[in-house]
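A.B. asks: Just data22.json, nothing more (JSON, C-alpha atoms):
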```json
[["chain", "number", "residue", "atom", "x", "y", "z"],
["P", 1, "MET", "CA", 13.67, 26.55, -10.57],
["P", 2, "LYS", "CA", 14.11, 25.30, -14.13],
["P", 3, "LEU", "CA", 15.46, 28.77, -14.96],
["P", 4, "LEU", "CA", 18.31, 28.38, -12.51],
["P", 5, "ASN", "CA", 21.44, 26.63, -13.69],
["P", 6, "LYS", "CA", 22.77, 23.73, -11.68],
["P", 7, "LYS", "CA", 25.35, 25.80, -9.80],
["P", 8, "TRP", "CA", 22.95, 28.50, -8.63],
["P", 9, "SER", "CA", 20.28, 25.97, -7.82],
["P", 10, "SER", "CA", 22.72, 24.12, -5.55],
["P", 11, "LEU", "CA", 23.73, 27.36, -3.84],
["P", 12, "VAL", "CA", 20.08, 28.21, -3.20],
["P", 13, "TRP", "CA", 19.42, 24.81, -1.63],
["P", 14, "ALA", "CA", 22.60, 25.06, 0.42],
["P", 15, "LEU", "CA", 21.36, 28.41, 1.75],
["P", 16, "VAL", "CA", 17.98, 26.85, 2.59],
["P", 17, "ALA", "CA", 19.78, 24.04, 4.41],
["P", 18, "LEU", "CA", 21.84, 26.58, 6.38],
["P", 19, "VAL", "CA", 18.73, 28.47, 7.49],
["P", 20, "LEU", "CA", 17.07, 25.24, 8.61],
["P", 21, "LEU", "CA", 20.17, 24.11, 10.54],
["P", 22, "LEU", "CA", 20.46, 27.48, 12.29],
["P", 23, "SER", "CA", 16.87, 27.04, 13.50],
["P", 24, "ILE", "CA", 17.87, 23.99, 15.59],
["P", 25, "GLY", "CA", 17.55, 24.85, 19.26],
["P", 26, "ASN", "CA", 15.20, 27.78, 18.62],
["P", 27, "PRO", "CA", 11.41, 27.76, 19.21],
["P", 28, "VAL", "CA", 10.85, 27.92, 15.45],
["P", 29, "GLN", "CA", 12.36, 24.43, 15.09],
["P", 30, "MET", "CA", 8.91, 23.00, 15.79],
["P", 31, "LEU", "CA", 8.00, 24.22, 12.30],
["P", 32, "THR", "CA", 11.30, 23.77, 10.46],
["P", 33, "MET", "CA", 12.63, 20.37, 11.55],
["P", 34, "SER", "CA", 10.08, 18.48, 9.46],
["P", 35, "PHE", "CA", 11.75, 19.89, 6.34],
["P", 36, "ALA", "CA", 15.41, 19.91, 7.41],
["P", 37, "ALA", "CA", 16.42, 16.87, 5.35],
["P", 38, "ILE", "CA", 14.85, 18.08, 2.09],
["P", 39, "PRO", "CA", 17.59, 20.45, 0.83],
["P", 40, "PHE", "CA", 20.23, 17.80, 1.53],
["P", 41, "VAL", "CA", 18.22, 15.27, -0.50],
["P", 42, "ILE", "CA", 18.21, 17.67, -3.45],
["P", 43, "LEU", "CA", 21.95, 18.33, -3.15],
["P", 44, "PHE", "CA", 22.82, 14.62, -3.17],
["P", 45, "ALA", "CA", 20.31, 13.88, -5.94],
["P", 46, "THR", "CA", 21.57, 16.59, -8.29],
["P", 47, "LEU", "CA", 25.32, 16.74, -7.55],
["P", 48, "SER", "CA", 28.10, 14.19, -7.45],
["P", 49, "VAL", "CA", 28.65, 12.65, -4.04],
["P", 50, "GLY", "CA", 31.96, 14.48, -3.69],
["P", 51, "ALA", "CA", 30.49, 17.87, -4.54],
["P", 52, "ALA", "CA", 27.54, 17.31, -2.19],
["P", 53, "ILE", "CA", 29.89, 16.36, 0.65],
["P", 54, "ILE", "CA", 31.86, 19.58, 0.10],
["P", 55, "TYR", "CA", 28.62, 21.59, 0.39],
["P", 56, "VAL", "CA", 27.65, 19.73, 3.58],
["P", 57, "ALA", "CA", 31.10, 20.17, 5.14],
["P", 58, "ALA", "CA", 31.03, 23.90, 4.34],
["P", 59, "LEU", "CA", 27.54, 24.23, 5.85],
["P", 60, "LEU", "CA", 28.53, 22.47, 9.08],
["P", 61, "ALA", "CA", 31.65, 24.65, 9.33],
["P", 62, "ILE", "CA", 29.55, 27.80, 8.93],
["P", 63, "VAL", "CA", 27.07, 26.59, 11.55],
["P", 64, "PHE", "CA", 29.94, 25.89, 13.97],
["P", 65, "LEU", "CA", 31.47, 29.34, 13.39],
["P", 66, "LEU", "CA", 28.17, 31.22, 13.68],
["P", 67, "MET", "CA", 26.86, 29.42, 16.76],
["P", 68, "GLY", "CA", 30.08, 29.00, 18.74],
["P", 69, "THR", "CA", 30.13, 26.16, 21.28],
["P", 70, "VAL", "CA", 26.47, 25.40, 20.58],
["P", 71, "GLY", "CA", 27.45, 24.98, 16.92],
["P", 72, "SER", "CA", 29.17, 21.66, 17.58],
["P", 73, "VAL", "CA", 25.97, 20.29, 19.14],
["P", 74, "VAL", "CA", 23.88, 21.58, 16.24],
["P", 75, "ALA", "CA", 26.34, 20.11, 13.73],
["P", 76, "LEU", "CA", 26.05, 16.71, 15.41],
["P", 77, "ALA", "CA", 22.24, 16.99, 15.61],
["P", 78, "SER", "CA", 22.10, 17.81, 11.90],
["P", 79, "LEU", "CA", 23.44, 14.33, 11.10],
["P", 80, "TYR", "CA", 19.98, 13.02, 12.03],
["P", 81, "PHE", "CA", 18.67, 14.75, 8.90],
["P", 82, "ILE", "CA", 21.74, 14.50, 6.67],
["P", 83, "ILE", "CA", 22.27, 10.72, 6.79],
["P", 84, "PRO", "CA", 18.73, 9.75, 5.63],
["P", 85, "ALA", "CA", 18.96, 12.58, 3.07],
["P", 86, "ILE", "CA", 22.12, 10.99, 1.63],
["P", 87, "VAL", "CA", 20.32, 7.65, 1.36],
["P", 88, "ILE", "CA", 17.23, 9.14, -0.31],
["P", 89, "GLY", "CA", 19.19, 11.51, -2.57],
["P", 90, "ILE", "CA", 21.57, 8.87, -3.92],
["P", 91, "MET", "CA", 18.72, 6.42, -4.50],
["P", 92, "PHE", "CA", 16.78, 9.13, -6.35],
["P", 93, "LYS", "CA", 19.82, 9.79, -8.54],
["P", 94, "ARG", "CA", 20.23, 6.08, -9.28],
["P", 95, "LYS", "CA", 16.53, 5.89, -10.26],
["P", 96, "ARG", "CA", 15.63, 3.26, -7.69],
["P", 97, "ALA", "CA", 11.98, 2.24, -7.34],
["P", 98, "ALA", "CA", 9.99, 4.90, -5.49],
["P", 99, "TRP", "CA", 8.82, 2.54, -2.75],
["P", 100, "ASN", "CA", 12.42, 1.40, -2.12],
["P", 101, "VAL", "CA", 13.54, 5.05, -1.81],
["P", 102, "PHE", "CA", 10.79, 5.81, 0.71],
["P", 103, "ALA", "CA", 11.38, 2.62, 2.71],
["P", 104, "ALA", "CA", 15.16, 3.12, 2.86],
["P", 105, "GLY", "CA", 14.83, 6.74, 3.99],
["P", 106, "THR", "CA", 12.24, 5.88, 6.63],
["P", 107, "LEU", "CA", 14.37, 2.98, 7.89],
["P", 108, "ALA", "CA", 17.37, 5.31, 8.14],
["P", 109, "PHE", "CA", 15.37, 7.72, 10.32],
["P", 110, "LEU", "CA", 14.20, 4.81, 12.50],
["P", 111, "ILE", "CA", 17.66, 3.32, 12.97],
["P", 112, "GLU", "CA", 19.06, 6.73, 13.86],
["P", 113, "SER", "CA", 16.35, 7.25, 16.47],
["P", 114, "ILE", "CA", 17.10, 3.89, 18.08],
["P", 115, "LEU", "CA", 20.84, 4.56, 18.09],
["P", 116, "LEU", "CA", 20.24, 8.03, 19.54],
["P", 117, "LEU", "CA", 18.21, 6.60, 22.41],
["P", 118, "ALA", "CA", 20.83, 3.93, 23.03],
["P", 119, "PHE", "CA", 23.59, 6.55, 23.06],
["P", 120, "ALA", "CA", 21.60, 8.76, 25.46],
["P", 121, "LYS", "CA", 21.08, 5.79, 27.76],
["P", 122, "VAL", "CA", 24.75, 4.78, 27.79],
["P", 123, "ALA", "CA", 26.32, 8.25, 27.83],
["P", 124, "PHE", "CA", 23.83, 10.17, 29.98],
["P", 125, "ASP", "CA", 21.84, 7.39, 31.71],
["P", 126, "PHE", "CA", 18.72, 8.73, 29.99],
["P", 127, "ASN", "CA", 15.47, 7.14, 31.16],
["P", 128, "PHE", "CA", 12.44, 7.72, 28.94],
["P", 129, "ALA", "CA", 9.93, 7.00, 31.73],
["P", 130, "GLU", "CA", 11.63, 9.50, 34.06],
["P", 131, "PHE", "CA", 11.71, 12.05, 31.23],
["P", 132, "LEU", "CA", 7.94, 11.60, 30.73],
["P", 133, "ARG", "CA", 7.39, 11.95, 34.46],
["P", 134, "THR", "CA", 9.36, 15.21, 34.54],
["P", 135, "GLN", "CA", 7.41, 16.62, 31.60],
["P", 136, "VAL", "CA", 4.04, 15.59, 33.07],
["P", 137, "ASP", "CA", 4.90, 16.98, 36.51],
["P", 138, "ALA", "CA", 5.84, 20.29, 34.92],
["P", 139, "SER", "CA", 2.59, 20.36, 32.94],
["P", 140, "VAL", "CA", 0.52, 19.48, 36.02],
["P", 141, "ALA", "CA", 2.18, 22.23, 38.04],
["P", 142, "THR", "CA", 1.48, 24.75, 35.28],
["P", 143, "LEU", "CA", -2.10, 23.70, 34.54],
["P", 144, "GLU", "CA", -3.14, 22.43, 37.96],
["P", 145, "SER", "CA", -6.32, 24.50, 38.06],
["P", 146, "ALA", "CA", -7.39, 23.30, 34.61],
["P", 147, "ILE", "CA", -7.06, 19.56, 35.32],
["P", 148, "PRO", "CA", -10.45, 17.87, 35.85],
["P", 149, "SER", "CA", -11.07, 16.76, 39.40],
["P", 150, "GLY", "CA", -11.73, 13.17, 38.31],
["P", 151, "ILE", "CA", -8.13, 12.75, 37.17],
["P", 152, "ASN", "CA", -5.73, 11.65, 39.91],
["P", 153, "MET", "CA", -2.04, 10.84, 39.98],
["P", 154, "ASP", "CA", -2.71, 7.08, 39.66],
["P", 155, "MET", "CA", -4.35, 7.70, 36.30],
["P", 156, "ILE", "CA", -1.44, 9.89, 35.23],
["P", 157, "ASP", "CA", 1.03, 7.17, 36.33],
["P", 158, "LEU", "CA", -0.88, 4.63, 34.21],
["P", 159, "VAL", "CA", -0.72, 6.92, 31.17],
["P", 160, "ILE", "CA", 3.03, 7.42, 31.66],
["P", 161, "LYS", "CA", 3.52, 3.66, 31.99],
["P", 162, "GLN", "CA", 1.59, 3.00, 28.78],
["P", 163, "MET", "CA", 3.45, 5.74, 26.89],
["P", 164, "ASN", "CA", 6.75, 4.22, 28.00],
["P", 165, "MET", "CA", 5.58, 0.82, 26.74],
["P", 166, "MET", "CA", 4.57, 2.45, 23.44],
["P", 167, "LEU", "CA", 8.02, 3.87, 22.78],
["P", 168, "PRO", "CA", 8.59, 1.49, 19.80],
["P", 169, "VAL", "CA", 5.44, 2.61, 17.99],
["P", 170, "MET", "CA", 6.24, 6.27, 18.69],
["P", 171, "LEU", "CA", 9.67, 5.81, 17.11],
["P", 172, "ILE", "CA", 8.13, 4.08, 14.10],
["P", 173, "MET", "CA", 5.44, 6.77, 13.70],
["P", 174, "SER", "CA", 8.08, 9.49, 13.93],
["P", 175, "ALA", "CA", 10.25, 7.78, 11.30],
["P", 176, "LEU", "CA", 7.22, 7.30, 9.03],
["P", 177, "TYR", "CA", 6.34, 10.98, 9.37],
["P", 178, "MET", "CA", 9.86, 12.18, 8.60],
["P", 179, "GLY", "CA", 10.25, 9.70, 5.75],
["P", 180, "THR", "CA", 6.92, 10.66, 4.20],
["P", 181, "VAL", "CA", 7.48, 14.42, 4.38],
["P", 182, "THR", "CA", 11.06, 14.18, 3.13],
["P", 183, "TYR", "CA", 10.27, 11.82, 0.26],
["P", 184, "ALA", "CA", 7.06, 13.50, -0.91],
["P", 185, "ILE", "CA", 8.32, 17.09, -0.94],
["P", 186, "SER", "CA", 11.83, 16.40, -2.25],
["P", 187, "ARG", "CA", 10.46, 14.26, -5.11],
["P", 188, "ARG", "CA", 8.14, 17.06, -6.20],
["P", 189, "LEU", "CA", 10.92, 19.64, -5.98],
["P", 190, "LEU", "CA", 13.29, 17.46, -7.99],
["P", 191, "THR", "CA", 10.62, 16.93, -10.62],
["P", 192, "ALA", "CA", 10.08, 20.70, -10.74],
["P", 193, "GLN", "CA", 13.82, 21.12, -11.37],
["P", 194, "GLY", "CA", 13.61, 18.71, -14.30],
["P", 195, "ALA", "CA", 15.20, 15.73, -12.57],
["P", 196, "ASP", "CA", 14.07, 12.30, -13.75],
["P", 197, "VAL", "CA", 12.98, 10.48, -10.58],
["P", 198, "ASN", "CA", 10.61, 7.57, -10.16],
["P", 199, "ARG", "CA", 7.30, 8.17, -8.45],
["P", 200, "MET", "CA", 4.96, 5.86, -6.57],
["P", 201, "ARG", "CA", 1.77, 4.57, -8.06],
["P", 202, "PRO", "CA", -1.12, 7.01, -7.54],
["P", 203, "ILE", "CA", -2.64, 6.56, -4.10],
["P", 204, "LYS", "CA", -5.98, 5.57, -5.64],
["P", 205, "HIS", "CA", -4.37, 2.29, -6.77],
["P", 206, "TRP", "CA", -2.83, 1.33, -3.42],
["P", 207, "MET", "CA", -3.91, -2.03, -1.97],
["P", 208, "LEU", "CA", -2.38, -3.42, 1.21],
["P", 209, "PRO", "CA", -1.95, -7.20, 1.81],
["P", 210, "LYS", "CA", -5.16, -8.92, 2.93],
["P", 211, "SER", "CA", -3.13, -10.77, 5.57],
["P", 212, "LEU", "CA", -3.29, -7.58, 7.68],
["P", 213, "LEU", "CA", -6.95, -8.43, 8.37],
["P", 214, "TRP", "CA", -5.93, -11.69, 10.05],
["P", 215, "TYR", "CA", -3.25, -9.96, 12.09],
["P", 216, "TYR", "CA", -5.81, -7.38, 13.21],
["P", 217, "LEU", "CA", -8.32, -10.09, 14.13],
["P", 218, "ILE", "CA", -5.70, -11.88, 16.23],
["P", 219, "VAL", "CA", -4.76, -8.61, 17.96],
["P", 220, "ILE", "CA", -8.43, -7.85, 18.76],
["P", 221, "ILE", "CA", -8.96, -11.34, 20.22],
["P", 222, "LEU", "CA", -5.82, -11.13, 22.35],
["P", 223, "GLU", "CA", -6.79, -7.64, 23.54],
["P", 224, "LEU", "CA", -10.21, -8.97, 24.60],
["P", 225, "VAL", "CA", -8.61, -11.91, 26.43],
["P", 226, "MET", "CA", -6.16, -9.60, 28.21],
["P", 227, "SER", "CA", -8.72, -6.87, 28.90],
["P", 228, "GLY", "CA", -7.99, -5.12, 32.19],
["P", 229, "ASN", "CA", -4.45, -6.50, 32.33],
["P", 230, "THR", "CA", -2.13, -3.50, 32.82],
["P", 231, "ASP", "CA", 1.15, -5.40, 33.33],
["P", 232, "SER", "CA", 4.19, -4.82, 31.16],
["P", 233, "SER", "CA", 4.56, -8.38, 29.83],
["P", 234, "PHE", "CA", 6.14, -8.96, 26.45],
["P", 235, "LEU", "CA", 2.77, -9.79, 24.87],
["P", 236, "SER", "CA", 1.13, -6.67, 26.32],
["P", 237, "ILE", "CA", 3.90, -4.48, 24.88],
["P", 238, "ILE", "CA", 3.54, -6.14, 21.45],
["P", 239, "LEU", "CA", -0.24, -5.62, 21.40],
["P", 240, "LEU", "CA", 0.05, -2.05, 22.62],
["P", 241, "ASN", "CA", 2.44, -1.23, 19.76],
["P", 242, "LEU", "CA", 0.98, -3.41, 17.00],
["P", 243, "SER", "CA", -2.63, -2.25, 17.29],
["P", 244, "PRO", "CA", -2.06, 1.44, 16.38],
["P", 245, "LEU", "CA", 0.22, 0.44, 13.50],
["P", 246, "LEU", "CA", -2.46, -1.82, 12.03],
["P", 247, "GLN", "CA", -5.07, 0.91, 12.50],
["P", 248, "LEU", "CA", -2.79, 3.34, 10.67],
["P", 249, "ALA", "CA", -2.48, 0.83, 7.81],
["P", 250, "PHE", "CA", -6.28, 0.63, 7.50],
["P", 251, "ILE", "CA", -6.48, 4.43, 7.57],
["P", 252, "VAL", "CA", -4.09, 4.52, 4.60],
["P", 253, "GLN", "CA", -6.23, 1.92, 2.83],
["P", 254, "GLY", "CA", -9.37, 3.96, 3.54],
["P", 255, "ILE", "CA", -7.76, 7.13, 2.19],
["P", 256, "SER", "CA", -6.75, 5.20, -0.93],
["P", 257, "PHE", "CA", -10.40, 4.25, -1.44],
["P", 258, "VAL", "CA", -11.45, 7.89, -0.99],
["P", 259, "PHE", "CA", -9.04, 8.90, -3.78],
["P", 260, "PHE", "CA", -10.32, 6.03, -5.95],
["P", 261, "LEU", "CA", -13.93, 7.09, -5.39],
["P", 262, "ALA", "CA", -13.13, 10.76, -6.05],
["P", 263, "ASP", "CA", -11.45, 9.82, -9.34],
["P", 264, "PHE", "CA", -14.31, 7.52, -10.38],
["P", 265, "LYS", "CA", -16.98, 10.09, -9.52],
["P", 266, "ARG", "CA", -14.87, 12.89, -11.09],
["P", 267, "TRP", "CA", -14.93, 14.98, -7.92],
["P", 268, "ASN", "CA", -12.77, 18.05, -7.57],
["P", 269, "ARG", "CA", -9.17, 16.97, -6.81],
["P", 270, "ALA", "CA", -9.21, 19.02, -3.63],
["P", 271, "VAL", "CA", -11.99, 16.89, -2.09],
["P", 272, "PRO", "CA", -9.93, 13.77, -1.21],
["P", 273, "VAL", "CA", -7.04, 15.96, -0.06],
["P", 274, "LEU", "CA", -9.31, 17.89, 2.31],
["P", 275, "ILE", "CA", -10.82, 14.64, 3.61],
["P", 276, "THR", "CA", -7.31, 13.28, 4.28],
["P", 277, "ILE", "CA", -6.41, 16.41, 6.25],
["P", 278, "ALA", "CA", -9.71, 16.29, 8.15],
["P", 279, "VAL", "CA", -9.02, 12.69, 9.23],
["P", 280, "ILE", "CA", -6.12, 13.99, 11.35],
["P", 281, "PHE", "CA", -8.32, 16.38, 13.33],
["P", 282, "ILE", "CA", -11.76, 14.72, 13.45],
["P", 283, "PRO", "CA", -11.87, 11.46, 15.49],
["P", 284, "LEU", "CA", -15.25, 10.42, 14.05],
["P", 285, "LEU", "CA", -13.93, 10.71, 10.50],
["P", 286, "TYR", "CA", -10.76, 8.87, 11.53],
["P", 287, "GLY", "CA", -12.87, 5.91, 12.69],
["P", 288, "LEU", "CA", -15.08, 6.00, 9.59],
["P", 289, "VAL", "CA", -12.14, 6.01, 7.16],
["P", 290, "ARG", "CA", -10.51, 3.16, 9.11],
["P", 291, "ILE", "CA", -13.68, 1.06, 8.78],
["P", 292, "ILE", "CA", -13.84, 1.87, 5.05],
["P", 293, "GLY", "CA", -10.23, 0.72, 4.74],
["P", 294, "ILE", "CA", -11.04, -2.60, 6.44],
["P", 295, "ILE", "CA", -14.08, -3.15, 4.20],
["P", 296, "ASP", "CA", -12.12, -2.19, 1.08],
["P", 297, "LEU", "CA", -9.45, -4.73, 1.98],
["P", 298, "ALA", "CA", -11.87, -7.50, 2.95],
["P", 299, "PHE", "CA", -14.39, -7.21, 0.11],
["P", 300, "PRO", "CA", -14.32, -6.19, -3.59],
["P", 301, "LEU", "CA", -15.67, -2.76, -2.65],
["P", 302, "ARG", "CA", -14.08, -0.99, -5.61],
["P", 303, "GLN", "CA", -15.57, -3.42, -8.09],
["P", 304, "VAL", "CA", -18.99, -2.89, -6.53],
["P", 305, "VAL", "CA", -18.66, 0.89, -6.71],
["P", 306, "SER", "CA", -17.35, 0.92, -10.29],
["P", 307, "ARG", "CA", -19.77, -1.73, -11.59],
["P", 308, "PRO", "CA", -21.85, -0.35, -14.47],
["P", 309, "LYS", "CA", -25.49, 0.20, -13.55],
["P", 310, "GLN", "CA", -27.92, -2.17, -15.25]]
```
Kindly present the structure from the file in structure tokens form.
C.D. replies:
Amino acid sequence: MKLLNKKWSSLVWALVALVLLLSIGNPVQMLTMSFAAIPFVILFATLSVGAAIIYVAALLAIVFLLMGTVGSVVALASLYFIIPAIVIGIMFKRKRAAWNVFAAGTLAFLIESILLLAFAKVAFDFNFAEFLRTQVDASVATLESAIPSGINMDMIDLVIKQMNMMLPVMLIMSALYMGTVTYAISRRLLTAQGADVNRMRPIKHWMLPKSLLWYYLIVIILELVMSGNTDSSFLSIILLNLSPLLQLAFIVQGISFVFFLADFKRWNRAVPVLITIAVIFIPLLYGLVRIIGIIDLAFPLRQVVSRPKQ
């Protein structure tokens, strides 16, 4: 990309953005939507705001013309990716601290998701619980023969109720995912193009606040006290949403320790990356890394590991 001048580089990224926008509404969007904001980040990070807006306006006009009446819906849906991209891109260009760029982009995705749900509720009387029920009923009808006999509709109703109560954490997780993918990939691409952007501290140096341990202890105690209580009280909703967020934080801390250990032991760089990927798919490893994260936060584990042998 360094061989491309600024004009051609912008045209290439505009073309990438167009392809990603045209994938909205197609089955392939399951693969493409994670990356839809990235080309817009690069446009706003490398061009003036005015020039970037001209590119975006031209792209939306092309989408509208190519997709007809559906194009207007796609153009509106694309704002979900464009607005956070503007925030991240401009902050990259202004050389803001890396953590601030990531946090602002993630917050933009989260606010948009909340506003989108609110709009759907007001304009279309959208009900998330009813939507879940419709999706589950369709899945049950399709896979009726494959559902274990021990699972009845009461259990399914309980799962739907809990998922509805966990809507806040699902929105936060979604925003974190989109913010992480957008920030991480766009920063690397901008660096490859020669742009001077700030980067976060290496993951091996990350340390979360120790106060999270006390929050987690309080959550565990309250969960034990309220064990078996399936109501939808305010406290139950808070616990149901706070617990997975705290567990995710300890997972991040555990992964940080894995990278620290790999660097100290001079392992191949691929080892901690593969372990991080494996955590997503192997529940046992997920639990182990979470425990390591808690220990690393509670005790001077890194000092013990790196202490010179007598």
A.B. asks: Skip stretch 67-70 of chain P itself and residues of its chain fewer than 3 positions away, then list as a list in words all residues within 12 Å of it, counting all atoms listed in the file.
C.D. replies: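 The filter keeps Leu18, Leu21, Leu22, Ser23, Ile24, Gly25, Asn26, Leu60, Ala61, Ile62, Val63, Phe64, Val73, Val74, Ala75, Leu76 and Ala77 of chain P.
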A.B. asks: With C-alpha atoms retained, export the selected residues as an mmCIF file, keeping the file's coordinate frame.
C.D. replies:
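Below is the file that was written, again_11.cif:
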```cif
data_model
loop_
_atom_site.group_PDB
_atom_site.id
_atom_site.type_symbol
_atom_site.label_atom_id
_atom_site.label_comp_id
_atom_site.auth_asym_id
_atom_site.auth_seq_id
_atom_site.Cartn_x
_atom_site.Cartn_y
_atom_site.Cartn_z
ATOM 1 C CA LEU P 18 21.840 26.580 6.380
ATOM 2 C CA LEU P 21 20.170 24.110 10.540
ATOM 3 C CA LEU P 22 20.460 27.480 12.290
ATOM 4 C CA SER P 23 16.870 27.040 13.500
ATOM 5 C CA ILE P 24 17.870 23.990 15.590
ATOM 6 C CA GLY P 25 17.550 24.850 19.260
ATOM 7 C CA ASN P 26 15.200 27.780 18.620
ATOM 8 C CA LEU P 60 28.530 22.470 9.080
ATOM 9 C CA ALA P 61 31.650 24.650 9.330
ATOM 10 C CA ILE P 62 29.550 27.800 8.930
ATOM 11 C CA VAL P 63 27.070 26.590 11.550
ATOM 12 C CA PHE P 64 29.940 25.890 13.970
ATOM 13 C CA VAL P 73 25.970 20.290 19.140
ATOM 14 C CA VAL P 74 23.880 21.580 16.240
ATOM 15 C CA ALA P 75 26.340 20.110 13.730
ATOM 16 C CA LEU P 76 26.050 16.710 15.410
ATOM 17 C CA ALA P 77 22.240 16.990 15.610
#
```
A.B. asks: Counting only C-alpha atoms, find the residues whose atoms lie at most 12 Å from (-2.6, 0.7, 18.7) (file coordinates) and write them out as a list in words.
C.D. replies: Gln162, Met163, Met165, Met166, Leu167, Pro168, Val169, Met170, Met173, Tyr216, Val219, Ile220, Glu223, Ser236, Ile237, Ile238, Leu239, Leu240, Asn241, Leu242, Ser243, Pro244, Leu245, Leu246, Gln247, Leu248, Ala249 and Phe250 of chain P
A.B. asks: Starting from the point (26.0, 11.9, 5.1), work out which residues of protein, DNA or RNA have an atom no more than 12 Å away when counting only C-alpha atoms; state them as an MDAnalysis selection string.
C.D. replies: chainID P and resid 37 40:41 43:44 49:50 52:57 60 75:76 78:90 108
A.B. asks: Give me, as a ChimeraX atom specification, all polymer residues having an atom no more than 8 Å from P:Pro39, counting all atoms listed in the file and skipping those fewer than 6 positions away in the same chain.
C.D. replies: /P:13-14,16-17,186
A.B. asks: Atom CA of P:Met207 and atom CA of P:Pro308, how far apart in Å?
C.D. replies: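 Here the two named atoms are 21.9 Å from each other.
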A.B. asks: Distance atom CA of P:Phe259-atom CA of P:Ser174, one decimal place?
C.D. replies: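 Pair atom CA of P:Phe259 / atom CA of P:Ser174 returns 24.6 Å.
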A.B. asks: Using only the atoms of stretch 193-196 of chain P listed in the file, plus 8 Å on each side, state the axis-aligned box centre and edge lengths in Å rounded to one decimal, as AutoDock Vina command-line options.
C.D. replies:
```
--center_x 14.4 --center_y 16.7 --center_z -12.8 --size_x 17.6 --size_y 24.8 --size_z 18.9
```
A.B. asks: Taking into account only C-alpha atoms, which residue in the set P:Leu15, P:Ala104, P:Ile172, P:Leu288 is nearest to P:Ala58?
C.D. replies: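 Answer, going by the shortest atom-to-atom distance: P:Leu15.
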A.B. asks: Can you list, as a ChimeraX atom specification, every protein, DNA or RNA residue that comes within 12 Å of P:Ile294 when you count only C-alpha atoms, leaving out same-chain residues fewer than 3 positions away?
C.D. replies: /P:207-214,216-217,246-257,287-291,297-301
A.B. asks: How many Å separate atom CA of P:Ser10 from atom CA of P:Thr46?
C.D. replies: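 Calculated distance between atom CA of P:Ser10 and atom CA of P:Thr46 is 8.1 Å.
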A.B. asks: Of the residues P:Tyr177, P:Phe131, P:Phe35, P:Tyr183, which is the one nearest to P:Phe92, using all atoms listed in the file?
C.D. replies: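 For P:Phe92, the nearest of the given residues is P:Tyr183.
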A.B. asks: I need the residue nearest P:Leu189 from this list: P:Arg307, P:Leu117, P:Ser9, P:Val101. Use only C-alpha atoms for the distance.
C.D. replies: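 The closest residue to P:Leu189 is P:Ser9.
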A.B. asks: Find the residue from P:Gly293, P:Pro202, P:Asn268, P:Ala45 that sits nearest to P:Arg96; use all atoms listed in the file when measuring.
C.D. replies: P:Ala45
